[in-house]
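Q: Below you'll find the structure I mean.
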Amino acid sequence: MIIALDGPSAAGKGTLARRLAAHFDLAHLDTGSLYRAVGGRVLREGGDPADAAHAIAAASALSEADRLAADLRTEPVSQAASKVAAIPEVRVKLLDFQRDFAHHPPGGRTGAILDGRDIGTVICPDADVKLFITASLEARAERRFRELQAAGAAPIKRAVLEEMTLRDRRDSERQAAPLKPARDAFVLDTSDLDADAVFAAAVEHISERTRSRRA
Ligand code: DC
């Protein structure tokens, strides 16, 4: 079973993907971490993430250390990830790894869940289930604000909202694999739902889909 889980930042994809992976015993790949690893590597090398040649070289040389870098979730790396992700050749470099993970999941698992922006549209258009998790910009910015506070930072609400607006725009308006729901995706707006309600709705949809496929 392959599950594609797409959506904008802070819509709750990560939490949902981890819970679904545990529930259905699937391997999980957070594909955003690949773009973060590329963006972070370019920054560490003193480059500009919008410089295509540098970003492509970083994507080609990506190491385990880049994927485990301590600053992967910081705001500068988030913005850098969104910039390198707009470069078509960077996306091509990361394509085989993602498809291979989906079709040959590690750990002896019989299925995989991949979360990102283009899993249902480009990486796994043949996925058994496609979920698109979204929420209003305000709800997502509020969640990110609370996450940062919980992590001990002192975020500024307006700055969080501005940074999210910028990243949303870049991820949705780019030419290469822009963020959008696949035509056959189940779209779930999580603005007024907590994590348990989102999980329950996703499990119900996946169970329905797999039942109707078997029938
Ligand atoms: O999901 P995330 O916030 O960790 O992703 C970081 C950036 O990577 C995001 O701004 C857009 C890009 N990305 C992408 O273009 N395609 C994916 N499948 C996953 C992430």
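In the structure tokens, the first chain shown is A, the next is B, and so on; residue numbers restart at 1 for each chain, and ligands run from 1 in the order shown.
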Mind running chain A against ligand 1 at 8 Å and telling me each contacting residue's nearest atom pair with the distance in Å (one decimal), counting only C-alpha atoms and all ligand atoms, chain and number ascending, as a Markdown table?
A:
```
| residue | atom | partner | partner_atom_place_in_ligand_line | distance |
| --- | --- | --- | --- | --- |
| A:Asp6 | CA | ligand 1 | 18 (N) | 7.5 |
| A:Pro8 | CA | ligand 1 | 1 (O) | 7.2 |
| A:Ser9 | CA | ligand 1 | 3 (O) | 4.8 |
| A:Ala10 | CA | ligand 1 | 3 (O) | 7.3 |
| A:Lys13 | CA | ligand 1 | 1 (O) | 7.8 |
| A:Gly14 | CA | ligand 1 | 1 (O) | 7.8 |
| A:Asp30 | CA | ligand 1 | 1 (O) | 7.2 |
| A:Thr31 | CA | ligand 1 | 19 (C) | 4.8 |
| A:Gly32 | CA | ligand 1 | 20 (C) | 3.5 |
| A:Ser33 | CA | ligand 1 | 4 (O) | 5.4 |
| A:Leu34 | CA | ligand 1 | 8 (O) | 7.5 |
| A:Tyr35 | CA | ligand 1 | 8 (O) | 4.8 |
| A:Arg36 | CA | ligand 1 | 6 (C) | 5.7 |
| A:Arg73 | CA | ligand 1 | 4 (O) | 7.4 |
| A:Ser78 | CA | ligand 1 | 6 (C) | 5.5 |
| A:Gln79 | CA | ligand 1 | 10 (O) | 6.6 |
| A:Ala80 | CA | ligand 1 | 7 (C) | 7.9 |
| A:Ala81 | CA | ligand 1 | 7 (C) | 4.6 |
| A:Ser82 | CA | ligand 1 | 10 (O) | 3.8 |
| A:Lys83 | CA | ligand 1 | 10 (O) | 7.6 |
| A:Val84 | CA | ligand 1 | 12 (C) | 7.9 |
| A:Ala85 | CA | ligand 1 | 15 (O) | 4.5 |
| A:Ala86 | CA | ligand 1 | 15 (O) | 6.8 |
| A:Arg91 | CA | ligand 1 | 15 (O) | 7.7 |
| A:Asp115 | CA | ligand 1 | 18 (N) | 6.7 |
| A:Gly116 | CA | ligand 1 | 18 (N) | 3.5 |
| A:Arg117 | CA | ligand 1 | 18 (N) | 4.1 |
| A:Asp118 | CA | ligand 1 | 18 (N) | 4.9 |
| A:Ile119 | CA | ligand 1 | 18 (N) | 5.9 |
| A:Arg167 | CA | ligand 1 | 10 (O) | 5.7 |
| A:Asp168 | CA | ligand 1 | 10 (O) | 7.2 |
| A:Arg170 | CA | ligand 1 | 10 (O) | 7.6 |
| A:Asp171 | CA | ligand 1 | 11 (C) | 5.5 |
| A:Ala177 | CA | ligand 1 | 15 (O) | 7.4 |
| A:Pro178 | CA | ligand 1 | 15 (O) | 7.3 |
| A:Leu179 | CA | ligand 1 | 15 (O) | 7.4 |
```
Q: For the strand (DSSP E) assignment from backbone DSSP, which residues of segment 45-117 of chain A qualify? Please present them as a list in words.
A: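 Everything in segment 45-117 of chain A that counts as strand (DSSP E) is Ala112, Ile113, Leu114, Asp115 and Gly116 of chain A.
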Q: Restricting the calculation to only C-alpha atoms, which member of A:Pro125, A:Gly12, A:Pro181, A:Gly111 is positioned closest to Phe24 of chain A?
A: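 Between A:Pro125, A:Gly12, A:Pro181, A:Gly111, the residue approaching Phe24 of chain A most closely is A:Gly111.
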Q: From segment 108-169 of chain A, collect each residue whose DSSP state is alpha helix (DSSP H) and return the set as a PyMOL selection string.
A: chain A and resi 137-150+157-169
Q: Can you work out the spacing between atom CA of Asp189 of chain A and atom CA of Ala135 of chain A in Å, to one decimal?
A: 5.1 Å
Q: Quick one: distance from atom CA of Phe132 of chain A to atom CA of Gly7 of chain A in Å, one decimal?
A: 5.4 Å
Q: May I ask which of the residues A:Lys93, A:Arg144, A:His103, A:Arg44 is the closest one to Arg158 of chain A, counting only C-alpha atoms?
A: A:Arg144
Q: Excluding segment 190-192 of chain A and its own-chain neighbours fewer than 4 positions away, which residues fall within 9 Å of it when counting only C-alpha atoms? Please give them as a list of chain:residue names.
A: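 Listing them by chain and then by number gives A:Ala11, A:Gly12, A:Ile133, A:Thr134, A:Ala135, A:Ser136, A:Leu137, A:Glu138, A:Ala139, A:Arg140, A:Ala197, A:Val198.
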Q: Which of these, A:Ala57, A:Leu114, A:Val77, A:Cys124, has the shortest distance to Glu163 of chain A once you count only C-alpha atoms?
A: A:Val77
Q: Report, in Å to a single decimal, how far apart atom CA of Phe199 of chain A and atom CA of Arg18 of chain A are.
A: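 Computing the Euclidean distance for atom CA of Arg18 of chain A and atom CA of Phe199 of chain A yields 10.2 Å.
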Q: If you count only C-alpha atoms, which residues fall within 7 Å of Val38 of chain A, apart from same-chain ones fewer than 6 positions away, as a PDB file with all heavy atoms, in the first residue's frame?
A:
```pdb
ATOM      1  N   ALA A  55      22.689  24.555  -5.843  1.00  0.00           N
ATOM      2  CA  ALA A  55      21.656  23.678  -5.274  1.00  0.00           C
ATOM      3  C   ALA A  55      21.686  22.293  -5.928  1.00  0.00           C
ATOM      4  O   ALA A  55      21.537  21.269  -5.244  1.00  0.00           O
ATOM      5  CB  ALA A  55      20.278  24.320  -5.447  1.00  0.00           C
ATOM      6  N   ALA A  58      24.588  20.389  -4.543  1.00  0.00           N
ATOM      7  CA  ALA A  58      24.285  19.942  -3.171  1.00  0.00           C
ATOM      8  C   ALA A  58      23.353  18.727  -3.196  1.00  0.00           C
ATOM      9  O   ALA A  58      23.528  17.767  -2.435  1.00  0.00           O
ATOM     10  CB  ALA A  58      23.667  21.089  -2.368  1.00  0.00           C
ATOM     11  N   ALA A  59      22.364  18.749  -4.086  1.00  0.00           N
ATOM     12  CA  ALA A  59      21.416  17.621  -4.174  1.00  0.00           C
ATOM     13  C   ALA A  59      22.138  16.354  -4.641  1.00  0.00           C
ATOM     14  O   ALA A  59      21.830  15.252  -4.191  1.00  0.00           O
ATOM     15  CB  ALA A  59      20.275  17.963  -5.125  1.00  0.00           C
ATOM     16  N   LEU A  62      24.304  14.893  -1.614  1.00  0.00           N
ATOM     17  CA  LEU A  62      23.594  14.808  -0.323  1.00  0.00           C
ATOM     18  C   LEU A  62      24.060  13.602   0.509  1.00  0.00           C
ATOM     19  O   LEU A  62      24.182  12.498  -0.016  1.00  0.00           O
ATOM     20  CB  LEU A  62      22.102  14.685  -0.604  1.00  0.00           C
ATOM     21  CG  LEU A  62      21.176  15.305   0.429  1.00  0.00           C
ATOM     22  CD1 LEU A  62      21.483  16.796   0.563  1.00  0.00           C
ATOM     23  CD2 LEU A  62      19.733  15.109  -0.011  1.00  0.00           C
ATOM     24  N   ALA A  81      14.952  25.576   1.884  1.00  0.00           N
ATOM     25  CA  ALA A  81      14.359  24.358   1.314  1.00  0.00           C
ATOM     26  C   ALA A  81      13.330  24.741   0.259  1.00  0.00           C
ATOM     27  O   ALA A  81      13.279  24.164  -0.832  1.00  0.00           O
ATOM     28  CB  ALA A  81      13.700  23.542   2.425  1.00  0.00           C
TER      29      ALA A  81
END
```
Q: So that I can check the surroundings of Lys130 of chain A, please list as a PyMOL selection string every protein, DNA and RNA residue that reaches within 9 Å of it, counting only C-alpha atoms and ignoring chain neighbours fewer than 6 positions away.
A: chain A and resi 2-6+119-120+181-182+184-187+206
Q: Which one is closest to Arg99 of chain A: A:Ala154, A:Ala215, A:Leu29, A:Val42? Count only C-alpha atoms.
A: A:Leu29
Q: Between A:Glu142, A:Asp196, A:Glu162, A:Asp128, which is the closest to Ser212 of chain A once you count only C-alpha atoms?
A: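 Closest candidate: A:Asp128.
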Q: Check the smallest atom-to-atom distance from each of A:Arg169, A:Glu89, A:Glu75, A:Ala176 to Val122 of chain A using only C-alpha atoms, then report the winner.
A: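 Closest residue, counting only C-alpha atoms: A:Ala176.
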